[in-house]
>>> print(open('start-v2.cif').read())   # mmCIF, C-alpha atoms and all ligand atoms
data_start
loop_
_atom_site.label_atom_id
_atom_site.label_comp_id
_atom_site.auth_asym_id
_atom_site.auth_seq_id
_atom_site.Cartn_x
_atom_site.Cartn_y
_atom_site.Cartn_z
CA MET A 1 -20.30 -84.59 4.86
CA THR A 2 -23.91 -85.66 5.12
CA ASP A 3 -23.48 -85.34 8.89
CA PHE A 4 -22.84 -81.61 8.51
CA VAL A 5 -25.82 -81.21 6.20
CA GLN A 6 -28.10 -82.91 8.73
CA THR A 7 -26.78 -80.99 11.74
CA VAL A 8 -26.94 -77.64 9.96
CA ALA A 9 -30.44 -78.33 8.58
CA PHE A 10 -31.63 -79.36 12.06
CA LEU A 11 -30.28 -76.22 13.70
CA GLU A 12 -31.56 -73.97 10.93
CA SER A 13 -35.02 -75.43 11.52
CA LYS A 14 -34.81 -74.70 15.27
CA LEU A 15 -33.07 -71.33 15.43
CA PRO A 16 -35.09 -68.17 14.77
CA ARG A 17 -32.33 -66.29 12.96
CA ARG A 18 -28.68 -66.47 11.94
CA ALA A 19 -26.06 -65.10 14.32
CA SER A 20 -22.66 -63.85 13.30
CA VAL A 21 -21.07 -64.20 16.75
CA ALA A 22 -20.66 -67.37 18.81
CA VAL A 23 -19.28 -68.03 22.28
CA VAL A 24 -18.00 -71.36 23.57
CA LEU A 25 -18.19 -71.63 27.35
CA GLY A 26 -15.69 -73.73 29.29
CA SER A 27 -15.79 -75.59 32.60
CA GLY A 28 -17.89 -73.85 35.21
CA LEU A 29 -18.41 -70.83 32.94
CA GLY A 30 -22.02 -71.39 31.87
CA ALA A 31 -23.53 -68.20 33.36
CA PHE A 32 -23.19 -66.08 30.24
CA ALA A 33 -25.77 -68.19 28.40
CA SER A 34 -28.50 -67.37 30.93
CA SER A 35 -27.81 -63.65 30.61
CA LEU A 36 -29.16 -63.66 27.03
CA SER A 37 -32.75 -62.62 26.35
CA GLY A 38 -35.31 -64.38 24.11
CA ARG A 39 -33.47 -67.66 24.43
CA THR A 40 -33.88 -70.81 22.34
CA GLU A 41 -32.12 -73.69 24.10
CA ILE A 42 -31.31 -76.98 22.40
CA PRO A 43 -29.76 -79.79 24.48
CA TYR A 44 -26.80 -81.35 22.69
CA ALA A 45 -28.50 -84.75 23.04
CA GLU A 46 -31.16 -83.57 20.55
CA ILE A 47 -28.73 -82.33 17.90
CA PRO A 48 -27.83 -84.97 15.29
CA HIS A 49 -24.13 -85.97 15.19
CA TRP A 50 -23.21 -83.56 17.98
CA PRO A 51 -20.52 -84.74 20.46
CA GLN A 52 -22.00 -84.91 23.94
CA SER A 53 -20.07 -83.28 26.77
CA THR A 54 -19.64 -85.65 29.66
CA ALA A 55 -17.35 -83.39 31.72
CA VAL A 56 -18.66 -82.21 35.10
CA GLY A 57 -19.35 -78.46 35.02
CA HIS A 58 -20.52 -78.50 31.41
CA ALA A 59 -24.20 -77.90 30.72
CA GLY A 60 -24.33 -79.48 27.28
CA LYS A 61 -26.68 -77.22 25.36
CA LEU A 62 -26.70 -74.77 22.51
CA VAL A 63 -28.31 -71.46 23.44
CA PHE A 64 -29.39 -68.85 20.92
CA GLY A 65 -30.34 -65.48 22.35
CA SER A 66 -29.79 -61.79 22.13
CA LEU A 67 -27.56 -59.37 23.93
CA SER A 68 -28.87 -55.82 23.59
CA GLY A 69 -30.06 -56.51 20.04
CA LEU A 70 -27.09 -58.65 18.96
CA ASP A 71 -27.93 -62.27 18.16
CA VAL A 72 -25.45 -64.71 19.68
CA VAL A 73 -25.07 -68.50 19.62
CA VAL A 74 -23.60 -69.94 22.79
CA LEU A 75 -22.22 -73.43 23.15
CA SER A 76 -22.53 -74.15 26.84
CA GLY A 77 -20.18 -77.07 27.25
CA ARG A 78 -17.79 -78.70 24.84
CA ALA A 79 -16.34 -82.10 24.04
CA HIS A 80 -12.71 -82.82 24.96
CA LEU A 81 -10.08 -85.17 23.60
CA TYR A 82 -9.71 -86.71 27.06
CA GLU A 83 -13.31 -87.89 26.88
CA GLY A 84 -12.24 -90.11 24.00
CA TYR A 85 -13.38 -87.91 21.14
CA THR A 86 -11.16 -87.40 18.12
CA ALA A 87 -9.93 -83.91 17.35
CA ALA A 88 -12.36 -83.79 14.41
CA GLN A 89 -15.27 -84.63 16.74
CA VAL A 90 -14.13 -81.99 19.23
CA ALA A 91 -14.02 -79.43 16.41
CA TYR A 92 -17.32 -80.52 14.82
CA PRO A 93 -19.52 -77.95 16.61
CA VAL A 94 -17.23 -75.12 15.51
CA ARG A 95 -17.44 -76.26 11.91
CA VAL A 96 -21.22 -76.35 12.20
CA LEU A 97 -21.17 -72.79 13.58
CA GLY A 98 -19.11 -71.72 10.57
CA ARG A 99 -21.62 -73.34 8.23
CA LEU A 100 -24.45 -71.58 10.05
CA GLY A 101 -22.92 -68.24 9.11
CA VAL A 102 -20.96 -67.40 12.27
CA CYS A 103 -17.89 -65.22 11.50
CA SER A 104 -16.47 -64.60 14.99
CA VAL A 105 -16.01 -67.10 17.80
CA VAL A 106 -15.04 -66.37 21.39
CA PHE A 107 -13.60 -69.42 23.13
CA THR A 108 -13.48 -69.44 26.91
CA ASN A 109 -11.80 -72.00 29.09
CA ALA A 110 -10.50 -72.73 32.55
CA ALA A 111 -6.73 -72.88 32.68
CA GLY A 112 -3.87 -73.36 35.08
CA GLY A 113 -1.59 -70.34 35.49
CA ILE A 114 2.07 -70.89 34.64
CA ASN A 115 3.16 -67.27 34.31
CA PRO A 116 4.26 -66.19 37.82
CA LYS A 117 2.33 -62.92 37.42
CA TYR A 118 -0.96 -64.76 37.24
CA ARG A 119 -3.28 -65.32 40.19
CA PRO A 120 -6.34 -67.55 40.42
CA GLY A 121 -9.38 -65.57 39.32
CA MET A 122 -7.59 -63.61 36.59
CA LEU A 123 -8.81 -63.38 33.03
CA VAL A 124 -6.23 -63.77 30.25
CA ALA A 125 -6.68 -63.02 26.55
CA ILE A 126 -4.98 -65.82 24.62
CA SER A 127 -2.37 -64.40 22.24
CA ASP A 128 -1.28 -67.72 20.76
CA HIS A 129 -1.30 -71.42 21.54
CA ILE A 130 1.03 -74.42 21.60
CA ASN A 131 -0.61 -77.63 20.46
CA LEU A 132 0.66 -80.46 22.65
CA GLN A 133 -2.47 -82.57 22.31
CA GLY A 134 -0.88 -84.91 19.79
CA ALA A 135 -3.87 -84.43 17.54
CA ASN A 136 -5.15 -82.03 14.91
CA PRO A 137 -8.73 -81.84 13.60
CA LEU A 138 -7.48 -81.33 10.04
CA VAL A 139 -5.78 -84.73 9.82
CA GLY A 140 -7.28 -86.82 7.03
CA PRO A 141 -8.62 -85.82 3.63
CA ASN A 142 -9.03 -82.07 3.39
CA ASP A 143 -12.53 -80.76 2.79
CA GLU A 144 -11.76 -77.93 0.37
CA SER A 145 -15.20 -76.45 0.96
CA LEU A 146 -14.12 -75.71 4.54
CA GLY A 147 -10.62 -74.41 3.92
CA PRO A 148 -7.12 -75.10 2.57
CA ARG A 149 -4.98 -78.19 3.17
CA PHE A 150 -2.28 -76.20 4.99
CA PRO A 151 -3.90 -73.25 6.75
CA ASP A 152 -1.80 -70.43 8.12
CA MET A 153 -1.82 -70.15 11.92
CA SER A 154 0.34 -67.06 12.36
CA GLU A 155 -2.56 -65.06 13.77
CA ALA A 156 -4.74 -67.85 15.13
CA TYR A 157 -6.13 -65.43 17.72
CA TYR A 158 -7.19 -62.32 15.82
CA SER A 159 -5.11 -59.43 17.15
CA ARG A 160 -7.83 -56.83 16.48
CA TYR A 161 -10.23 -58.73 18.76
CA ARG A 162 -7.57 -58.87 21.44
CA GLU A 163 -7.07 -55.12 21.20
CA LEU A 164 -10.82 -54.63 21.52
CA ALA A 165 -10.92 -57.00 24.49
CA ARG A 166 -8.17 -55.00 26.17
CA ALA A 167 -9.96 -51.71 25.53
CA VAL A 168 -13.31 -53.00 26.79
CA ALA A 169 -11.71 -54.60 29.86
CA ALA A 170 -10.07 -51.28 30.71
CA GLU A 171 -13.42 -49.46 30.36
CA GLN A 172 -15.09 -52.06 32.58
CA GLN A 173 -12.18 -51.97 35.04
CA ILE A 174 -11.62 -55.68 34.60
CA PRO A 175 -7.96 -56.73 34.77
CA LEU A 176 -7.07 -58.63 31.59
CA GLU A 177 -3.66 -60.21 31.01
CA GLU A 178 -2.38 -61.65 27.76
CA GLY A 179 -0.62 -64.98 27.30
CA VAL A 180 0.17 -68.16 25.41
CA TYR A 181 -2.04 -71.20 26.05
CA ALA A 182 -0.53 -74.68 25.98
CA GLY A 183 -3.17 -77.28 25.12
CA LEU A 184 -2.50 -80.74 26.56
CA LEU A 185 -4.44 -83.97 26.24
CA GLY A 186 -5.24 -84.50 29.93
CA PRO A 187 -7.16 -85.69 31.82
CA SER A 188 -4.43 -85.92 34.45
CA TYR A 189 -3.14 -82.52 35.50
CA GLU A 190 0.49 -81.84 34.73
CA THR A 191 3.50 -82.81 36.79
CA PRO A 192 5.70 -79.99 38.14
CA ALA A 193 8.42 -81.08 35.65
CA GLU A 194 5.94 -80.73 32.79
CA ILE A 195 5.01 -77.26 33.99
CA ARG A 196 8.69 -76.24 34.11
CA PHE A 197 9.01 -77.53 30.55
CA LEU A 198 5.91 -75.59 29.45
CA ARG A 199 7.25 -72.43 31.02
CA THR A 200 10.57 -72.89 29.21
CA ILE A 201 8.88 -73.26 25.82
CA GLY A 202 6.89 -70.08 26.30
CA ALA A 203 3.54 -71.10 27.76
CA ASP A 204 1.74 -68.84 30.24
CA LEU A 205 -1.35 -71.00 30.65
CA VAL A 206 -2.15 -74.68 30.48
CA GLY A 207 -5.42 -76.41 29.71
CA MET A 208 -7.06 -79.37 28.01
CA SER A 209 -9.30 -77.76 25.44
CA THR A 210 -9.66 -75.00 22.85
CA VAL A 211 -6.70 -75.82 20.58
CA ALA A 212 -8.49 -78.23 18.21
CA GLU A 213 -11.49 -75.90 17.97
CA VAL A 214 -9.30 -72.89 17.22
CA ILE A 215 -7.46 -74.80 14.48
CA ALA A 216 -10.78 -75.72 12.84
CA ALA A 217 -12.02 -72.14 13.18
CA ASN A 218 -8.88 -70.79 11.49
CA HIS A 219 -9.16 -73.41 8.76
CA MET A 220 -12.60 -71.95 7.92
CA GLY A 221 -11.41 -68.35 8.15
CA LEU A 222 -13.38 -67.57 11.32
CA LYS A 223 -12.02 -64.85 13.56
CA VAL A 224 -11.09 -66.05 17.02
CA LEU A 225 -10.83 -64.54 20.45
CA GLY A 226 -9.75 -66.76 23.35
CA ILE A 227 -10.26 -65.91 27.01
CA SER A 228 -8.85 -68.12 29.75
CA CYS A 229 -9.94 -67.95 33.34
CA VAL A 230 -7.01 -68.81 35.56
CA THR A 231 -8.74 -71.17 37.98
CA ASN A 232 -5.59 -72.37 39.75
CA LEU A 233 -1.85 -72.05 39.70
CA ALA A 234 -0.28 -74.86 37.68
CA ALA A 235 1.33 -77.87 39.35
CA GLY A 236 4.51 -77.07 41.24
CA ILE A 237 3.74 -73.34 41.15
CA SER A 238 0.88 -73.92 43.51
CA LEU A 239 1.92 -75.26 46.90
CA HIS A 240 -1.02 -77.62 47.05
CA LYS A 241 -2.56 -80.30 44.85
CA ILE A 242 -5.00 -79.41 42.09
CA HIS A 243 -8.60 -80.55 42.44
CA HIS A 244 -11.29 -80.29 39.78
CA GLU A 245 -13.68 -78.88 42.42
CA GLU A 246 -11.27 -75.99 42.97
CA VAL A 247 -11.23 -75.35 39.21
CA LEU A 248 -15.05 -75.29 39.10
CA GLN A 249 -15.35 -73.09 42.19
CA MET A 250 -12.90 -70.53 40.89
CA GLY A 251 -14.67 -70.63 37.52
CA ALA A 252 -17.91 -69.80 39.31
CA ARG A 253 -16.26 -66.84 41.06
CA VAL A 254 -14.79 -65.44 37.86
CA GLN A 255 -17.99 -65.82 35.88
CA GLU A 256 -19.48 -62.50 36.88
CA MET A 257 -16.43 -60.68 35.52
CA LEU A 258 -16.38 -62.80 32.39
CA VAL A 259 -20.08 -62.17 31.73
CA ARG A 260 -19.54 -58.42 32.12
CA LEU A 261 -16.59 -58.50 29.74
CA LEU A 262 -18.48 -60.54 27.12
CA GLN A 263 -21.57 -58.34 27.36
CA ALA A 264 -19.58 -55.20 26.67
CA LEU A 265 -17.28 -56.79 24.12
CA LEU A 266 -19.46 -58.87 21.79
CA PRO A 267 -21.35 -55.95 20.26
CA ARG A 268 -17.99 -54.45 19.34
CA LEU A 269 -16.56 -57.49 17.51
CA GLU A 270 -16.92 -56.37 13.92
CA PRO A 271 -17.05 -59.29 11.47
N1 LIG B 301 -3.98 -77.87 34.00
C1 LIG B 301 -4.68 -78.25 32.92
N2 LIG B 301 -5.92 -77.88 32.69
C2 LIG B 301 -6.50 -77.06 33.59
C3 LIG B 301 -5.84 -76.62 34.74
C4 LIG B 301 -4.50 -77.04 34.95
O1 LIG B 301 -3.84 -76.70 35.94
N3 LIG B 301 -6.71 -75.81 35.41
C5 LIG B 301 -7.85 -75.77 34.67
N4 LIG B 301 -7.74 -76.54 33.58
#
>>> encode(input="start-v2.cif", output="structure tokens")
Amino acid sequence: MTDFVQTVAFLESKLPRRASVAVVLGSGLGAFASSLSGRTEIPYAEIPHWPQSTAVGHAGKLVFGSLSGLDVVVLSGRAHLYEGYTAAQVAYPVRVLGRLGVCSVVFTNAAGGINPKYRPGMLVAISDHINLQGANPLVGPNDESLGPRFPDMSEAYYSRYRELARAVAAEQQIPLEEGVYAGLLGPSYETPAEIRFLRTIGADLVGMSTVAEVIAANHMGLKVLGISCVTNLAAGISLHKIHHEEVLQMGARVQEMLVRLLQALLPRLEP
């Protein structure tokens, strides 16, 4: 509790204004942060109680800046369960964003494509998720000031934001698919048998992040949009082995499209 108070007070003392929109950038997807103007950048290492991101491809800083007049907070890099953090630690930054007055959060991530329609380099709006991480950030005593003990998750990804994302993508001529994201613990990639299982249970995408953060965001009543970048075909669908470098390289190639989509979309996300 006091942790939150300290983190929020620290950030309020450093940030020029409040922002209502936040973006969380996944592996190799940091470029959007540098497209903002009038930036204030705060390395995670300086923020009290903030989980540090140790994953390669993650910058590890909070960036406040503006996008044609709209103030935005960007988390460039995130903590993952596979780094050894608890789900509550992974979700901590999102809870801080909520306490700072953010109403809408766009989560981006790199994901493996399970749906046979998907190709590396595609963007996919997440319609729902399957939590296979074996963890939930809400485990433990419930903080009623954040949200209810048993939050509804039937529209974890706000459908209105997805509609807007689809409309903006069409205007920008950016192909945007829609699909279900399965969140796994990692850090090993999946086996082909696991991918067949995930396909059977209705997953289109697989990754190692996002789920805990989205649960915490829903708990607080924040509106969520999730965008996955398909960086590779999932194990067994791809004919070759999966390498993290490949994931980062494809992330880098998709970034330009993702930045364009976010730039056009964020000003249209009504709170
Ligand atoms: N599996 C899990 N996480 C991922 C993948 C994958 O294939 N690609 C990018 N993140």
>>> residues_near_ligand(input="start-v2.cif", ligand="ligand LIG 301 (chain B)", cutoff="10 Å", atoms="all atoms listed in the file", output="number ranges by chain")
A: 26-27, 109-114, 120, 182-191, 195, 205-209, 228-238, 241-244, 246-248, 250-251
>>> residues_around(input="start-v2.cif", residues="A:Ala88", least_positions_apart="6", cutoff="9 Å", atoms="only C-alpha atoms", output="list in words")
Asn136, Pro137, Leu138, Val139, Ala212, Glu213 and Ala216 of chain A
>>> write_last_selection(input="start-v2.cif", atoms="C-alpha atoms", output="CSV table (one decimal), in the coordinates of the input")
chain,number,residue,atom,x,y,z
A,136,ASN,CA,-5.2,-82.0,14.9
A,137,PRO,CA,-8.7,-81.8,13.6
A,138,LEU,CA,-7.5,-81.3,10.0
A,139,VAL,CA,-5.8,-84.7,9.8
A,212,ALA,CA,-8.5,-78.2,18.2
A,213,GLU,CA,-11.5,-75.9,18.0
A,216,ALA,CA,-10.8,-75.7,12.8
>>> closest_residue(input="start-v2.cif", among="A:Arg260, A:His219, A:Lys117, A:His129", to="A:Ala169", atoms="only C-alpha atoms")
A:Arg260
>>> residues_around(input="start-v2.cif", residues="A:Glu46", least_positions_apart="5", cutoff="10 Å", atoms="only C-alpha atoms", output="MDAnalysis selection string")
chainID A and resid 10 52 61
>>> write_last_selection(input="start-v2.cif", atoms="C-alpha atoms", output="CSV table (one decimal), in the frame of the given file")
chain,number,residue,atom,x,y,z
A,10,PHE,CA,-31.6,-79.4,12.1
A,52,GLN,CA,-22.0,-84.9,23.9
A,61,LYS,CA,-26.7,-77.2,25.4
>>> atom_distance(input="start-v2.cif", atom1="atom CA of A:Tyr181", atom2="atom CA of A:Val102")
23.7 Å
>>> atom_distance(input="start-v2.cif", atom1="atom CA of A:Ala91", atom2="atom CA of A:Ser66")
24.3 Å
>>> closest_residue(input="start-v2.cif", among="A:Thr40, A:Asn131, A:Ser68, A:Thr200", to="A:Ala87", atoms="only C-alpha atoms")
A:Asn131
>>> closest_residue(input="start-v2.cif", among="A:Ile42, A:Val21, A:Ala203, A:Val8", to="A:Val96", atoms="only C-alpha atoms")
A:Val8
>>> decode(input="start-v2.cif", residues="stretch 144-168 of chain A", atoms="N, CA, C and O atoms", output="PDB file, in the first residue's frame")
ATOM      1  N   GLU A 144      -9.839  -3.322  -1.844  1.00  0.00           N
ATOM      2  CA  GLU A 144     -11.145  -2.838  -2.323  1.00  0.00           C
ATOM      3  C   GLU A 144     -11.033  -1.466  -2.970  1.00  0.00           C
ATOM      4  O   GLU A 144     -11.907  -1.070  -3.741  1.00  0.00           O
ATOM      5  N   SER A 145      -9.970  -0.728  -2.645  1.00  0.00           N
ATOM      6  CA  SER A 145      -9.829   0.596  -3.252  1.00  0.00           C
ATOM      7  C   SER A 145      -9.434   0.475  -4.735  1.00  0.00           C
ATOM      8  O   SER A 145      -9.571   1.416  -5.508  1.00  0.00           O
ATOM      9  N   LEU A 146      -8.931  -0.708  -5.110  1.00  0.00           N
ATOM     10  CA  LEU A 146      -8.589  -0.920  -6.525  1.00  0.00           C
ATOM     11  C   LEU A 146      -9.765  -1.467  -7.303  1.00  0.00           C
ATOM     12  O   LEU A 146     -10.031  -1.066  -8.441  1.00  0.00           O
ATOM     13  N   GLY A 147     -10.463  -2.440  -6.703  1.00  0.00           N
ATOM     14  CA  GLY A 147     -11.564  -3.079  -7.419  1.00  0.00           C
ATOM     15  C   GLY A 147     -12.147  -4.215  -6.611  1.00  0.00           C
ATOM     16  O   GLY A 147     -11.709  -4.493  -5.495  1.00  0.00           O
ATOM     17  N   PRO A 148     -13.127  -4.943  -7.198  1.00  0.00           N
ATOM     18  CA  PRO A 148     -13.837  -5.984  -6.463  1.00  0.00           C
ATOM     19  C   PRO A 148     -13.041  -7.282  -6.324  1.00  0.00           C
ATOM     20  O   PRO A 148     -12.100  -7.530  -7.084  1.00  0.00           O
ATOM     21  N   ARG A 149     -13.432  -8.104  -5.379  1.00  0.00           N
ATOM     22  CA  ARG A 149     -12.796  -9.404  -5.143  1.00  0.00           C
ATOM     23  C   ARG A 149     -12.854 -10.292  -6.391  1.00  0.00           C
ATOM     24  O   ARG A 149     -11.903 -10.954  -6.761  1.00  0.00           O
ATOM     25  N   PHE A 150     -14.014 -10.318  -7.046  1.00  0.00           N
ATOM     26  CA  PHE A 150     -14.233 -11.219  -8.180  1.00  0.00           C
ATOM     27  C   PHE A 150     -14.595 -10.401  -9.425  1.00  0.00           C
ATOM     28  O   PHE A 150     -15.773 -10.346  -9.798  1.00  0.00           O
ATOM     29  N   PRO A 151     -13.635  -9.797 -10.067  1.00  0.00           N
ATOM     30  CA  PRO A 151     -13.988  -8.935 -11.210  1.00  0.00           C
ATOM     31  C   PRO A 151     -14.451  -9.716 -12.437  1.00  0.00           C
ATOM     32  O   PRO A 151     -13.941 -10.805 -12.724  1.00  0.00           O
ATOM     33  N   ASP A 152     -15.390  -9.159 -13.125  1.00  0.00           N
ATOM     34  CA  ASP A 152     -15.873  -9.734 -14.380  1.00  0.00           C
ATOM     35  C   ASP A 152     -14.774  -9.616 -15.437  1.00  0.00           C
ATOM     36  O   ASP A 152     -14.043  -8.631 -15.477  1.00  0.00           O
ATOM     37  N   MET A 153     -14.662 -10.642 -16.278  1.00  0.00           N
ATOM     38  CA  MET A 153     -13.655 -10.604 -17.351  1.00  0.00           C
ATOM     39  C   MET A 153     -14.310 -10.906 -18.693  1.00  0.00           C
ATOM     40  O   MET A 153     -13.647 -11.371 -19.625  1.00  0.00           O
ATOM     41  N   SER A 154     -15.627 -10.665 -18.805  1.00  0.00           N
ATOM     42  CA  SER A 154     -16.297 -11.081 -20.035  1.00  0.00           C
ATOM     43  C   SER A 154     -16.033 -10.129 -21.205  1.00  0.00           C
ATOM     44  O   SER A 154     -16.326 -10.468 -22.347  1.00  0.00           O
ATOM     45  N   GLU A 155     -15.488  -8.955 -20.893  1.00  0.00           N
ATOM     46  CA  GLU A 155     -15.058  -8.073 -21.990  1.00  0.00           C
ATOM     47  C   GLU A 155     -13.707  -7.461 -21.597  1.00  0.00           C
ATOM     48  O   GLU A 155     -13.551  -6.244 -21.520  1.00  0.00           O
ATOM     49  N   ALA A 156     -12.757  -8.356 -21.330  1.00  0.00           N
ATOM     50  CA  ALA A 156     -11.451  -7.923 -20.828  1.00  0.00           C
ATOM     51  C   ALA A 156     -10.778  -6.969 -21.809  1.00  0.00           C
ATOM     52  O   ALA A 156     -10.028  -6.074 -21.419  1.00  0.00           O
ATOM     53  N   TYR A 157     -11.039  -7.184 -23.084  1.00  0.00           N
ATOM     54  CA  TYR A 157     -10.511  -6.306 -24.145  1.00  0.00           C
ATOM     55  C   TYR A 157     -11.728  -5.556 -24.684  1.00  0.00           C
ATOM     56  O   TYR A 157     -12.618  -6.168 -25.299  1.00  0.00           O
ATOM     57  N   TYR A 158     -11.754  -4.270 -24.442  1.00  0.00           N
ATOM     58  CA  TYR A 158     -12.940  -3.441 -24.669  1.00  0.00           C
ATOM     59  C   TYR A 158     -13.323  -3.445 -26.155  1.00  0.00           C
ATOM     60  O   TYR A 158     -12.520  -3.044 -27.010  1.00  0.00           O
ATOM     61  N   SER A 159     -14.531  -3.934 -26.446  1.00  0.00           N
ATOM     62  CA  SER A 159     -14.875  -4.181 -27.855  1.00  0.00           C
ATOM     63  C   SER A 159     -14.929  -2.877 -28.664  1.00  0.00           C
ATOM     64  O   SER A 159     -14.588  -2.856 -29.844  1.00  0.00           O
ATOM     65  N   ARG A 160     -15.315  -1.786 -28.013  1.00  0.00           N
ATOM     66  CA  ARG A 160     -15.374  -0.492 -28.717  1.00  0.00           C
ATOM     67  C   ARG A 160     -13.976  -0.071 -29.208  1.00  0.00           C
ATOM     68  O   ARG A 160     -13.835   0.449 -30.303  1.00  0.00           O
ATOM     69  N   TYR A 161     -12.962  -0.329 -28.385  1.00  0.00           N
ATOM     70  CA  TYR A 161     -11.599   0.019 -28.792  1.00  0.00           C
ATOM     71  C   TYR A 161     -11.139  -0.847 -29.965  1.00  0.00           C
ATOM     72  O   TYR A 161     -10.394  -0.420 -30.838  1.00  0.00           O
ATOM     73  N   ARG A 162     -11.602  -2.097 -29.940  1.00  0.00           N
ATOM     74  CA  ARG A 162     -11.239  -2.999 -31.042  1.00  0.00           C
ATOM     75  C   ARG A 162     -11.889  -2.546 -32.340  1.00  0.00           C
ATOM     76  O   ARG A 162     -11.272  -2.549 -33.391  1.00  0.00           O
ATOM     77  N   GLU A 163     -13.137  -2.128 -32.240  1.00  0.00           N
ATOM     78  CA  GLU A 163     -13.824  -1.588 -33.428  1.00  0.00           C
ATOM     79  C   GLU A 163     -13.080  -0.370 -33.960  1.00  0.00           C
ATOM     80  O   GLU A 163     -12.882  -0.231 -35.160  1.00  0.00           O
ATOM     81  N   LEU A 164     -12.682   0.520 -33.035  1.00  0.00           N
ATOM     82  CA  LEU A 164     -11.945   1.712 -33.462  1.00  0.00           C
ATOM     83  C   LEU A 164     -10.622   1.320 -34.109  1.00  0.00           C
ATOM     84  O   LEU A 164     -10.222   1.895 -35.125  1.00  0.00           O
ATOM     85  N   ALA A 165      -9.952   0.339 -33.506  1.00  0.00           N
ATOM     86  CA  ALA A 165      -8.664  -0.117 -34.057  1.00  0.00           C
ATOM     87  C   ALA A 165      -8.864  -0.644 -35.470  1.00  0.00           C
ATOM     88  O   ALA A 165      -8.068  -0.366 -36.380  1.00  0.00           O
ATOM     89  N   ARG A 166      -9.940  -1.380 -35.668  1.00  0.00           N
ATOM     90  CA  ARG A 166     -10.216  -1.936 -36.999  1.00  0.00           C
ATOM     91  C   ARG A 166     -10.473  -0.809 -38.000  1.00  0.00           C
ATOM     92  O   ARG A 166      -9.968  -0.830 -39.115  1.00  0.00           O
ATOM     93  N   ALA A 167     -11.262   0.178 -37.576  1.00  0.00           N
ATOM     94  CA  ALA A 167     -11.584   1.292 -38.470  1.00  0.00           C
ATOM     95  C   ALA A 167     -10.327   2.086 -38.833  1.00  0.00           C
ATOM     96  O   ALA A 167     -10.094   2.405 -40.009  1.00  0.00           O
ATOM     97  N   VAL A 168      -9.506   2.377 -37.817  1.00  0.00           N
ATOM     98  CA  VAL A 168      -8.291   3.167 -38.063  1.00  0.00           C
ATOM     99  C   VAL A 168      -7.312   2.378 -38.932  1.00  0.00           C
ATOM    100  O   VAL A 168      -6.693   2.925 -39.850  1.00  0.00           O
TER     101      VAL A 168
END
